[in-house]
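Novice: Input structure: work.cif, which contains mmCIF, C-alpha atoms.
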```
data_start
loop_
_atom_site.label_atom_id
_atom_site.label_comp_id
_atom_site.auth_asym_id
_atom_site.auth_seq_id
_atom_site.Cartn_x
_atom_site.Cartn_y
_atom_site.Cartn_z
CA MET A 4 -12.12 31.86 -13.23
CA GLU A 5 -9.18 29.92 -14.63
CA PHE A 6 -9.95 27.26 -17.23
CA ARG A 7 -7.47 24.50 -17.94
CA GLU A 8 -6.96 22.78 -21.25
CA GLU A 9 -7.99 19.16 -21.71
CA GLY A 10 -5.51 16.86 -19.98
CA GLU A 11 -4.31 19.42 -17.41
CA VAL A 12 -4.70 18.53 -13.73
CA GLU A 13 -5.25 20.24 -10.39
CA PRO A 14 -5.12 18.71 -6.89
CA VAL A 15 -8.28 17.44 -5.23
CA SER A 16 -8.89 18.90 -1.79
CA PRO A 17 -8.69 16.55 1.22
CA THR A 18 -12.44 16.95 1.70
CA GLY A 19 -13.07 16.06 -1.95
CA GLN A 20 -10.93 12.93 -1.62
CA TYR A 21 -12.77 11.90 1.55
CA LEU A 22 -16.20 12.37 -0.07
CA ASN A 23 -15.21 10.21 -3.05
CA SER A 24 -13.41 7.18 -1.68
CA SER A 25 -13.81 3.41 -1.67
CA ILE A 26 -15.87 3.59 1.54
CA LEU A 27 -17.81 6.82 0.98
CA SER A 28 -19.49 8.45 -2.00
CA VAL A 29 -21.75 11.45 -1.36
CA ALA A 30 -23.87 13.17 -4.00
CA ILE A 31 -26.18 16.19 -3.92
CA LEU A 32 -29.61 16.04 -5.56
CA ALA A 33 -31.10 19.35 -6.68
CA VAL A 34 -34.70 19.29 -7.91
CA LEU A 35 -36.07 22.09 -10.10
CA GLU A 36 -39.83 22.08 -10.67
CA PHE A 37 -41.35 23.88 -13.67
CA GLU A 38 -44.81 25.27 -14.30
CA LEU A 39 -44.53 24.39 -17.99
CA PRO A 40 -43.42 21.17 -19.76
CA ILE A 41 -39.68 20.98 -20.42
CA ASP A 42 -38.45 21.16 -24.00
CA ASP A 43 -35.39 18.91 -23.87
CA SER A 44 -34.41 19.54 -27.51
CA GLN A 45 -32.01 22.29 -26.39
CA ALA A 46 -30.68 20.49 -23.32
CA LEU A 47 -27.32 19.52 -24.81
CA SER A 48 -26.59 22.97 -26.23
CA LEU A 49 -27.49 24.65 -22.91
CA LEU A 50 -25.25 22.28 -21.00
CA GLN A 51 -22.38 22.89 -23.43
CA ASP A 52 -22.71 26.68 -23.55
CA VAL A 53 -24.01 27.55 -20.08
CA PHE A 54 -23.42 24.74 -17.56
CA LEU A 55 -19.95 23.42 -18.39
CA PRO A 56 -18.20 26.84 -18.46
CA ILE A 57 -19.32 27.59 -14.89
CA ASN A 58 -16.74 25.34 -13.27
CA PRO A 59 -13.85 23.33 -14.80
CA ARG A 60 -14.66 20.44 -12.47
CA PHE A 61 -17.84 19.83 -14.47
CA SER A 62 -15.48 18.79 -17.29
CA SER A 63 -13.03 16.83 -15.13
CA ILE A 64 -12.64 13.36 -13.71
CA MET A 65 -10.84 12.35 -10.54
CA VAL A 66 -7.62 10.41 -11.15
CA SER A 67 -4.82 9.15 -8.90
CA ASP A 68 -1.25 10.34 -9.21
CA ASN A 69 1.15 7.54 -10.20
CA VAL A 70 3.78 8.59 -7.67
CA ASP A 71 2.00 9.08 -4.33
CA GLN A 72 -1.55 8.09 -5.32
CA LYS A 73 -2.91 11.55 -4.50
CA LYS A 74 -6.09 12.34 -6.40
CA GLN A 75 -6.25 15.09 -8.99
CA TRP A 76 -8.87 16.67 -11.25
CA LYS A 77 -8.09 15.97 -14.92
CA ARG A 78 -9.85 17.85 -17.72
CA VAL A 79 -11.45 15.53 -20.29
CA GLU A 80 -13.78 15.76 -23.24
CA VAL A 81 -17.37 15.56 -22.02
CA LYS A 82 -19.85 13.37 -23.85
CA LEU A 83 -23.03 15.13 -22.82
CA GLU A 84 -25.24 12.28 -24.04
CA ASP A 85 -23.85 10.12 -21.22
CA HIS A 86 -24.95 12.65 -18.60
CA VAL A 87 -28.54 13.34 -19.71
CA HIS A 88 -31.26 10.85 -18.77
CA VAL A 89 -34.91 11.05 -19.81
CA PRO A 90 -36.89 8.26 -18.12
CA ILE A 91 -39.99 6.75 -19.72
CA PHE A 92 -43.06 6.29 -17.52
CA PRO A 93 -46.52 4.98 -18.49
CA SER A 94 -48.51 7.69 -20.26
CA LYS A 95 -51.82 9.37 -19.38
CA MET A 96 -51.66 8.76 -15.65
CA SER A 97 -52.81 11.08 -12.87
CA PRO A 98 -50.38 13.52 -11.21
CA GLU A 99 -50.72 11.57 -7.97
CA SER A 100 -49.57 8.40 -9.76
CA TYR A 101 -46.59 10.26 -11.20
CA ASP A 102 -45.76 11.41 -7.66
CA GLU A 103 -45.14 7.78 -6.78
CA TYR A 104 -43.06 7.21 -9.92
CA PHE A 105 -41.05 10.33 -9.10
CA ASP A 106 -40.36 9.22 -5.50
CA ASP A 107 -39.29 5.75 -6.67
CA TYR A 108 -37.11 7.17 -9.43
CA ILE A 109 -35.27 9.70 -7.26
CA SER A 110 -34.79 7.04 -4.57
CA ASN A 111 -33.16 4.74 -7.12
CA ILE A 112 -30.78 7.34 -8.55
CA ALA A 113 -29.87 8.49 -5.03
CA ALA A 114 -28.64 4.98 -4.21
CA GLU A 115 -26.56 4.65 -7.40
CA LYS A 116 -22.93 5.71 -7.47
CA LEU A 117 -21.79 8.08 -10.18
CA PRO A 118 -19.39 6.46 -12.71
CA GLN A 119 -15.77 7.41 -12.06
CA ASN A 120 -14.76 7.32 -15.73
CA ARG A 121 -16.64 10.53 -16.58
CA PRO A 122 -17.32 13.88 -14.84
CA LEU A 123 -19.20 13.40 -11.60
CA TRP A 124 -22.60 14.83 -12.47
CA GLU A 125 -25.74 13.99 -14.42
CA ILE A 126 -29.20 15.42 -15.04
CA HIS A 127 -32.56 13.68 -15.25
CA ILE A 128 -35.43 15.24 -17.19
CA LEU A 129 -38.87 14.07 -16.06
CA LYS A 130 -41.47 15.23 -18.57
CA TYR A 131 -44.48 14.02 -16.61
CA PRO A 132 -46.81 16.21 -14.51
CA THR A 133 -46.78 15.60 -10.78
CA SER A 134 -49.02 17.24 -8.22
CA HIS A 135 -46.28 19.85 -7.72
CA ALA A 136 -45.09 20.67 -11.24
CA ALA A 137 -45.72 20.20 -14.94
CA SER A 138 -42.18 18.84 -15.37
CA THR A 139 -39.14 18.26 -13.22
CA LEU A 140 -35.38 18.54 -13.64
CA ILE A 141 -33.05 16.65 -11.29
CA PHE A 142 -29.38 17.53 -11.01
CA LYS A 143 -27.18 14.91 -9.39
CA LEU A 144 -23.77 16.33 -8.53
CA HIS A 145 -21.04 14.64 -6.54
CA HIS A 146 -20.22 16.41 -3.29
CA ALA A 147 -16.53 16.33 -4.24
CA LEU A 148 -17.30 18.97 -6.89
CA GLY A 149 -18.06 21.51 -4.18
CA ASP A 150 -20.22 22.27 -1.16
CA GLY A 151 -23.97 22.68 -1.38
CA TYR A 152 -23.83 26.48 -1.27
CA SER A 153 -21.40 26.84 -4.18
CA LEU A 154 -23.13 24.16 -6.28
CA MET A 155 -26.56 25.74 -5.79
CA GLY A 156 -25.05 29.10 -6.73
CA ALA A 157 -23.66 27.52 -9.89
CA LEU A 158 -27.05 26.05 -10.83
CA LEU A 159 -28.94 29.26 -10.11
CA SER A 160 -26.47 31.22 -12.24
CA CYS A 161 -27.77 29.24 -15.23
CA LEU A 162 -31.25 30.67 -14.75
CA GLN A 163 -32.69 33.92 -16.12
CA THR A 164 -35.63 36.11 -15.20
CA ALA A 165 -38.80 35.50 -17.20
CA GLN A 166 -39.50 39.21 -17.67
CA ASN A 167 -36.04 40.00 -19.04
CA PRO A 168 -33.84 36.99 -19.99
CA SER A 169 -30.78 39.26 -20.29
CA VAL A 170 -30.94 39.97 -16.55
CA PRO A 171 -29.48 37.30 -14.21
CA LEU A 172 -31.69 35.76 -11.57
CA THR A 173 -31.72 37.65 -8.26
CA PHE A 174 -33.50 37.23 -4.95
CA PRO A 175 -34.89 39.97 -2.70
CA SER A 176 -32.64 40.91 0.18
CA LEU A 177 -33.74 41.62 3.73
CA LYS A 178 -33.41 45.35 4.39
CA SER A 179 -33.61 46.88 7.83
CA SER A 180 -35.44 50.15 8.30
CA GLY A 181 -34.10 50.79 11.80
CA PRO A 182 -31.54 53.44 12.83
CA LYS A 183 -28.00 52.98 11.60
CA THR A 184 -26.61 52.66 15.14
CA THR A 185 -29.14 49.92 15.90
CA ARG A 186 -28.12 48.00 12.77
CA LYS A 187 -24.45 48.25 13.74
CA THR A 188 -25.18 46.99 17.25
CA LYS A 189 -27.23 44.13 15.83
CA THR A 190 -24.43 43.24 13.40
CA VAL A 191 -21.83 43.11 16.20
CA SER A 192 -24.19 41.05 18.35
CA GLN A 193 -24.85 38.61 15.50
CA PHE A 194 -21.09 38.28 14.87
CA PHE A 195 -20.26 37.30 18.45
CA SER A 196 -23.33 35.05 18.57
CA SER A 197 -22.12 33.28 15.41
CA VAL A 198 -18.64 32.85 16.88
CA PHE A 199 -20.08 31.40 20.09
CA GLN A 200 -22.41 29.05 18.19
CA THR A 201 -19.55 27.88 15.94
CA VAL A 202 -17.26 27.11 18.89
CA SER A 203 -20.11 25.45 20.77
CA ASP A 204 -21.19 23.31 17.82
CA PHE A 205 -17.60 22.30 17.02
CA SER A 206 -16.88 21.32 20.63
CA TRP A 207 -20.13 19.38 20.87
CA SER A 208 -19.39 17.54 17.61
CA ILE A 209 -15.99 16.49 18.99
CA LEU A 210 -17.67 15.14 22.12
CA LYS A 211 -20.36 13.36 20.11
CA SER A 212 -17.87 11.74 17.74
CA ASN A 213 -15.55 10.49 20.49
CA PHE A 214 -17.33 10.14 23.84
CA VAL A 215 -21.11 10.62 23.61
CA GLU A 216 -23.44 8.39 21.62
CA ASP A 217 -26.45 9.83 19.82
CA ASP A 218 -29.84 9.08 21.35
CA ARG A 219 -32.12 6.64 19.58
CA THR A 220 -34.97 8.38 17.76
CA PRO A 221 -37.48 7.50 15.00
CA ILE A 222 -34.85 8.80 12.59
CA ARG A 223 -31.81 7.12 14.21
CA SER A 224 -32.38 3.47 15.09
CA GLY A 225 -28.84 2.91 16.35
CA GLU A 226 -28.72 -0.56 14.79
CA ASP A 227 -25.57 -1.88 13.13
CA GLY A 228 -25.40 -1.94 9.34
CA VAL A 229 -28.24 0.51 8.83
CA GLU A 230 -26.18 2.33 6.20
CA PHE A 231 -26.38 -0.72 3.93
CA ARG A 232 -30.17 -0.96 3.94
CA PRO A 233 -32.30 0.24 1.00
CA ILE A 234 -33.34 3.89 1.12
CA THR A 235 -36.34 5.78 -0.17
CA LEU A 236 -36.92 9.51 -0.66
CA SER A 237 -40.19 11.35 -0.15
CA THR A 238 -41.14 14.94 -0.79
CA LEU A 239 -42.90 17.20 1.68
CA THR A 240 -43.88 20.84 1.21
CA PHE A 241 -43.87 23.31 4.12
CA SER A 242 -45.59 26.68 4.10
CA ILE A 243 -43.78 29.78 5.35
CA ASP A 244 -45.96 29.78 8.47
CA GLU A 245 -45.00 26.18 9.20
CA ILE A 246 -41.31 27.02 8.76
CA LYS A 247 -41.72 29.91 11.21
CA LEU A 248 -43.35 27.52 13.67
CA ILE A 249 -40.45 25.06 13.32
CA LYS A 250 -37.98 27.93 13.76
CA ASN A 251 -39.66 29.03 16.98
CA LYS A 252 -39.89 25.47 18.32
CA LEU A 253 -36.21 24.83 17.67
CA GLY A 254 -35.13 28.26 18.86
CA VAL A 255 -33.02 28.98 15.80
CA GLY A 256 -32.72 32.19 13.80
CA PHE A 257 -33.70 31.95 10.16
CA SER A 258 -33.58 35.66 9.39
CA TYR A 259 -35.01 35.09 5.90
CA PHE A 260 -38.36 34.20 7.46
CA GLU A 261 -38.59 37.08 9.92
#
```
Would it be possible to restate this file's structure as structure tokens?
Specialist:
Amino acid sequence: MEFREEGEVEPVSPTGQYLNSSILSVAILAVLEFELPIDDSQALSLLQDVFLPINPRFSSIMVSDNVDQKKQWKRVEVKLEDHVHVPIFPSKMSPESYDEYFDDYISNIAAEKLPQNRPLWEIHILKYPTSHAASTLIFKLHHALGDGYSLMGALLSCLQTAQNPSVPLTFPSLKSSGPKTTRKTKTVSQFFSSVFQTVSDFSWSILKSNFVEDDRTPIRSGEDGVEFRPITLSTLTFSIDEIKLIKNKLGVGFSYFE
């Protein structure tokens, strides 16, 4: 990975410019729940030594070129204190009460725009036990920094295994025990199925965006100005069996849950 010195610039992709404009600002919220209370005394050093080196955009702000007003990433000095937030809630409350505080807090930060005069990310350390975790860490990263897959990969690369901290975090892979010819046939079939689904979804999205209006549902009211109304976030936990049931109902293929 190439790291630029402070003050150097690189172009912002068209998608990045679209996701961070005067009419649109999209952020990703990643929530990490811990079984033990968080010790935030080492937060700044971990961010400096582990988080910032992952991607130069974590140390960059978006600026406009003076000539043609095209946006660029400019490396700056990061004041980590401006990016770390530790909210204060009432003490000695029940986990269920802290669930409500958590939902209200994450709803509020989701509605706030990230400041443009510093790198487009921040973390929130919640040191109160909810019904799901002893403590919670919220990463808020602007979508212009990258897509969800790459940003989650960046966050997970900061983690280590509990048994051996020198070993990076890994996840079990799905291995097939069938004959090699069967696996090859399945791979070819999945490839052509993916191509068909991609073409189908892209064509349908073109139709939906230009000619066909979405149906009204409990999720989509279809009313004008709904994007300007207050929002609230809630958490819901699904078991693996429930996810399998949803998969079967929708007729989609989540191979991780086979």
Novice: Enter the distance from atom CA of A:Ile91 to atom CA of A:Leu117, in Å, rounded to one decimal.
Specialist: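 So the answer is 20.6 Å.
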Novice: Once the PyMOL selection byres ((chain A and resi 83) around 10) has been applied to the shown file, what residues remain in the selection, as a compact mmCIF listing (two decimals) with C-alpha atoms, in the coordinates of the input?
Specialist:
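So result28.txt came out as:
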```txt
# COMPACT_ATOMS: atom_id res chain seq x y z
CA ALA A 46 -30.68 20.49 -23.32
CA LEU A 47 -27.32 19.52 -24.81
CA SER A 48 -26.59 22.97 -26.23
CA LEU A 50 -25.25 22.28 -21.00
CA GLN A 51 -22.38 22.89 -23.43
CA LEU A 55 -19.95 23.42 -18.39
CA GLU A 80 -13.78 15.76 -23.24
CA VAL A 81 -17.37 15.56 -22.02
CA LYS A 82 -19.85 13.37 -23.85
CA GLU A 84 -25.24 12.28 -24.04
CA ASP A 85 -23.85 10.12 -21.22
CA HIS A 86 -24.95 12.65 -18.60
CA VAL A 87 -28.54 13.34 -19.71
CA PRO A 122 -17.32 13.88 -14.84
CA GLU A 125 -25.74 13.99 -14.42
CA ILE A 126 -29.20 15.42 -15.04
```
Novice: Emit as AutoDock Vina command-line options the padded axis-aligned box for all listed atoms of stretch 153-157 of chain A, 6 Å per side, with centre and edge lengths in Å to one decimal.
Specialist:
```
--center_x -24.0 --center_y 26.6 --center_z -7.0 --size_x 17.2 --size_y 16.9 --size_z 17.7
```
Novice: Go through stretch 95-171 of chain A and flag each residue having an atom no more than 8 Å from stretch 11-22 of chain A; for those, report the closest pair of atoms plus their distance in Å to one decimal, using only C-alpha atoms, ordered by chain and rising number, as a tab-separated table.
Specialist:
```
residue	atom	partner	partner_atom	distance
A:His146	CA	A:Leu22	CA	6.5
A:Ala147	CA	A:Gly19	CA	4.2
A:Leu148	CA	A:Gly19	CA	7.1
A:Gly149	CA	A:Gly19	CA	7.7
```
Novice: Between A:Thr201, A:Asn120, A:Ser134, A:Ser153, single out the one closest to A:Glu103, counting all atoms listed in the file.
Specialist: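 Looking only at the distances to A:Glu103, the closest residue turns out to be A:Ser134.
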Novice: Which residues come within 12 Å of A:Lys95, counting all atoms listed in the file, excluding same-chain residues fewer than 2 positions away, as a ChimeraX atom specification?
Specialist: /A:92-93,97-101,130-133
Novice: Taking all atoms listed in the file into account, which of A:Val29, A:Ala137, A:Ile234, A:Leu35 comes nearest A:Leu162?
Specialist: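 Nearest candidate to A:Leu162 out of A:Val29, A:Ala137, A:Ile234, A:Leu35: A:Leu35.
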Novice: Would you mind reading off the distance between atom CA of A:Gly151 and atom CA of A:Ile31, one decimal, in Å?
Specialist: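 Separation of atom CA of A:Gly151 and atom CA of A:Ile31: 7.3 Å.
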Novice: Counting all atoms listed in the file, which residue out of A:Phe241, A:Phe37, A:Phe205, A:Trp76 sits closest to A:Ile64?
Specialist: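 Checking each candidate against A:Ile64, we get A:Trp76 as the closest.
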Novice: Report, in Å with one decimal, the straight-line distance from atom CA of A:Phe142 to atom CA of A:Leu39.
Specialist: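 Here the two named atoms are 18.0 Å from each other.
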Novice: When the PyMOL selection byres ((chain A and resi 110) around 12) is applied to the file above, which residues end up in the set, as a PyMOL selection string?
Specialist: chain A and resi 32+103-109+111-115+141+143+233-238
Novice: Using only C-alpha atoms, pick whichever of A:Ser44, A:Ser94, A:Asn58, A:Leu144 has the shortest atom-to-atom distance to A:Asn23.
Specialist: A:Leu144
Novice: Selected by the PyMOL selection byres ((chain A and resi 74) around 7) in the shown coordinates: which residues, as a list of chain:residue names?
Specialist: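 With the PyMOL selection byres ((chain A and resi 74) around 7) on this model, the match is A:Pro14, A:Val15, A:Gln20, A:Met65, A:Val66, A:Ser67, A:Asp68, A:Gln72, A:Lys73, A:Gln75.
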Novice: Take stretch 48-70 of chain A, model N, CA and C atoms, and hand the result over as a PDB file, in the frame of the given file.
Specialist:
```pdb
ATOM      1  N   SER A  48     -27.227  21.695 -25.901  1.00  0.00           N
ATOM      2  CA  SER A  48     -26.590  22.970 -26.230  1.00  0.00           C
ATOM      3  C   SER A  48     -26.502  23.864 -24.994  1.00  0.00           C
ATOM      4  N   LEU A  49     -27.531  23.848 -24.138  1.00  0.00           N
ATOM      5  CA  LEU A  49     -27.490  24.650 -22.910  1.00  0.00           C
ATOM      6  C   LEU A  49     -26.422  24.137 -21.959  1.00  0.00           C
ATOM      7  N   LEU A  50     -26.292  22.834 -21.858  1.00  0.00           N
ATOM      8  CA  LEU A  50     -25.250  22.280 -21.000  1.00  0.00           C
ATOM      9  C   LEU A  50     -23.857  22.657 -21.520  1.00  0.00           C
ATOM     10  N   GLN A  51     -23.677  22.585 -22.820  1.00  0.00           N
ATOM     11  CA  GLN A  51     -22.380  22.890 -23.430  1.00  0.00           C
ATOM     12  C   GLN A  51     -22.024  24.365 -23.283  1.00  0.00           C
ATOM     13  N   ASP A  52     -22.992  25.245 -23.499  1.00  0.00           N
ATOM     14  CA  ASP A  52     -22.710  26.680 -23.550  1.00  0.00           C
ATOM     15  C   ASP A  52     -22.859  27.383 -22.211  1.00  0.00           C
ATOM     16  N   VAL A  53     -23.713  26.850 -21.330  1.00  0.00           N
ATOM     17  CA  VAL A  53     -24.010  27.550 -20.080  1.00  0.00           C
ATOM     18  C   VAL A  53     -23.486  26.800 -18.860  1.00  0.00           C
ATOM     19  N   PHE A  54     -23.748  25.489 -18.767  1.00  0.00           N
ATOM     20  CA  PHE A  54     -23.420  24.740 -17.560  1.00  0.00           C
ATOM     21  C   PHE A  54     -21.933  24.428 -17.446  1.00  0.00           C
ATOM     22  N   LEU A  55     -21.346  23.849 -18.477  1.00  0.00           N
ATOM     23  CA  LEU A  55     -19.950  23.420 -18.390  1.00  0.00           C
ATOM     24  C   LEU A  55     -18.971  24.575 -18.122  1.00  0.00           C
ATOM     25  N   PRO A  56     -19.162  25.767 -18.726  1.00  0.00           N
ATOM     26  CA  PRO A  56     -18.200  26.840 -18.460  1.00  0.00           C
ATOM     27  C   PRO A  56     -18.207  27.378 -17.036  1.00  0.00           C
ATOM     28  N   ILE A  57     -19.234  27.044 -16.239  1.00  0.00           N
ATOM     29  CA  ILE A  57     -19.320  27.590 -14.890  1.00  0.00           C
ATOM     30  C   ILE A  57     -18.142  27.146 -14.030  1.00  0.00           C
ATOM     31  N   ASN A  58     -17.777  25.891 -14.135  1.00  0.00           N
ATOM     32  CA  ASN A  58     -16.740  25.340 -13.270  1.00  0.00           C
ATOM     33  C   ASN A  58     -15.970  24.270 -14.040  1.00  0.00           C
ATOM     34  N   PRO A  59     -14.626  24.345 -14.061  1.00  0.00           N
ATOM     35  CA  PRO A  59     -13.850  23.330 -14.800  1.00  0.00           C
ATOM     36  C   PRO A  59     -14.016  21.920 -14.263  1.00  0.00           C
ATOM     37  N   ARG A  60     -14.464  21.781 -13.017  1.00  0.00           N
ATOM     38  CA  ARG A  60     -14.660  20.440 -12.470  1.00  0.00           C
ATOM     39  C   ARG A  60     -15.830  19.723 -13.137  1.00  0.00           C
ATOM     40  N   PHE A  61     -16.746  20.463 -13.740  1.00  0.00           N
ATOM     41  CA  PHE A  61     -17.840  19.830 -14.470  1.00  0.00           C
ATOM     42  C   PHE A  61     -17.341  19.142 -15.734  1.00  0.00           C
ATOM     43  N   SER A  62     -16.091  19.422 -16.117  1.00  0.00           N
ATOM     44  CA  SER A  62     -15.480  18.790 -17.290  1.00  0.00           C
ATOM     45  C   SER A  62     -14.256  17.980 -16.892  1.00  0.00           C
ATOM     46  N   SER A  63     -14.205  17.539 -15.644  1.00  0.00           N
ATOM     47  CA  SER A  63     -13.030  16.830 -15.130  1.00  0.00           C
ATOM     48  C   SER A  63     -13.425  15.533 -14.459  1.00  0.00           C
ATOM     49  N   ILE A  64     -12.483  14.601 -14.458  1.00  0.00           N
ATOM     50  CA  ILE A  64     -12.640  13.360 -13.710  1.00  0.00           C
ATOM     51  C   ILE A  64     -11.566  13.314 -12.632  1.00  0.00           C
ATOM     52  N   MET A  65     -11.789  12.480 -11.630  1.00  0.00           N
ATOM     53  CA  MET A  65     -10.840  12.350 -10.540  1.00  0.00           C
ATOM     54  C   MET A  65      -9.916  11.170 -10.819  1.00  0.00           C
ATOM     55  N   VAL A  66      -8.608  11.447 -10.875  1.00  0.00           N
ATOM     56  CA  VAL A  66      -7.620  10.410 -11.150  1.00  0.00           C
ATOM     57  C   VAL A  66      -6.586  10.400 -10.033  1.00  0.00           C
ATOM     58  N   SER A  67      -5.858   9.295  -9.919  1.00  0.00           N
ATOM     59  CA  SER A  67      -4.820   9.150  -8.900  1.00  0.00           C
ATOM     60  C   SER A  67      -3.453   9.375  -9.504  1.00  0.00           C
ATOM     61  N   ASP A  68      -2.608  10.100  -8.774  1.00  0.00           N
ATOM     62  CA  ASP A  68      -1.250  10.340  -9.210  1.00  0.00           C
ATOM     63  C   ASP A  68      -0.452   9.036  -9.147  1.00  0.00           C
ATOM     64  N   ASN A  69       0.392   8.799 -10.139  1.00  0.00           N
ATOM     65  CA  ASN A  69       1.150   7.540 -10.200  1.00  0.00           C
ATOM     66  C   ASN A  69       2.221   7.451  -9.121  1.00  0.00           C
ATOM     67  N   VAL A  70       2.681   8.591  -8.619  1.00  0.00           N
ATOM     68  CA  VAL A  70       3.780   8.590  -7.670  1.00  0.00           C
ATOM     69  C   VAL A  70       3.289   8.318  -6.249  1.00  0.00           C
TER      70      VAL A  70
END
```
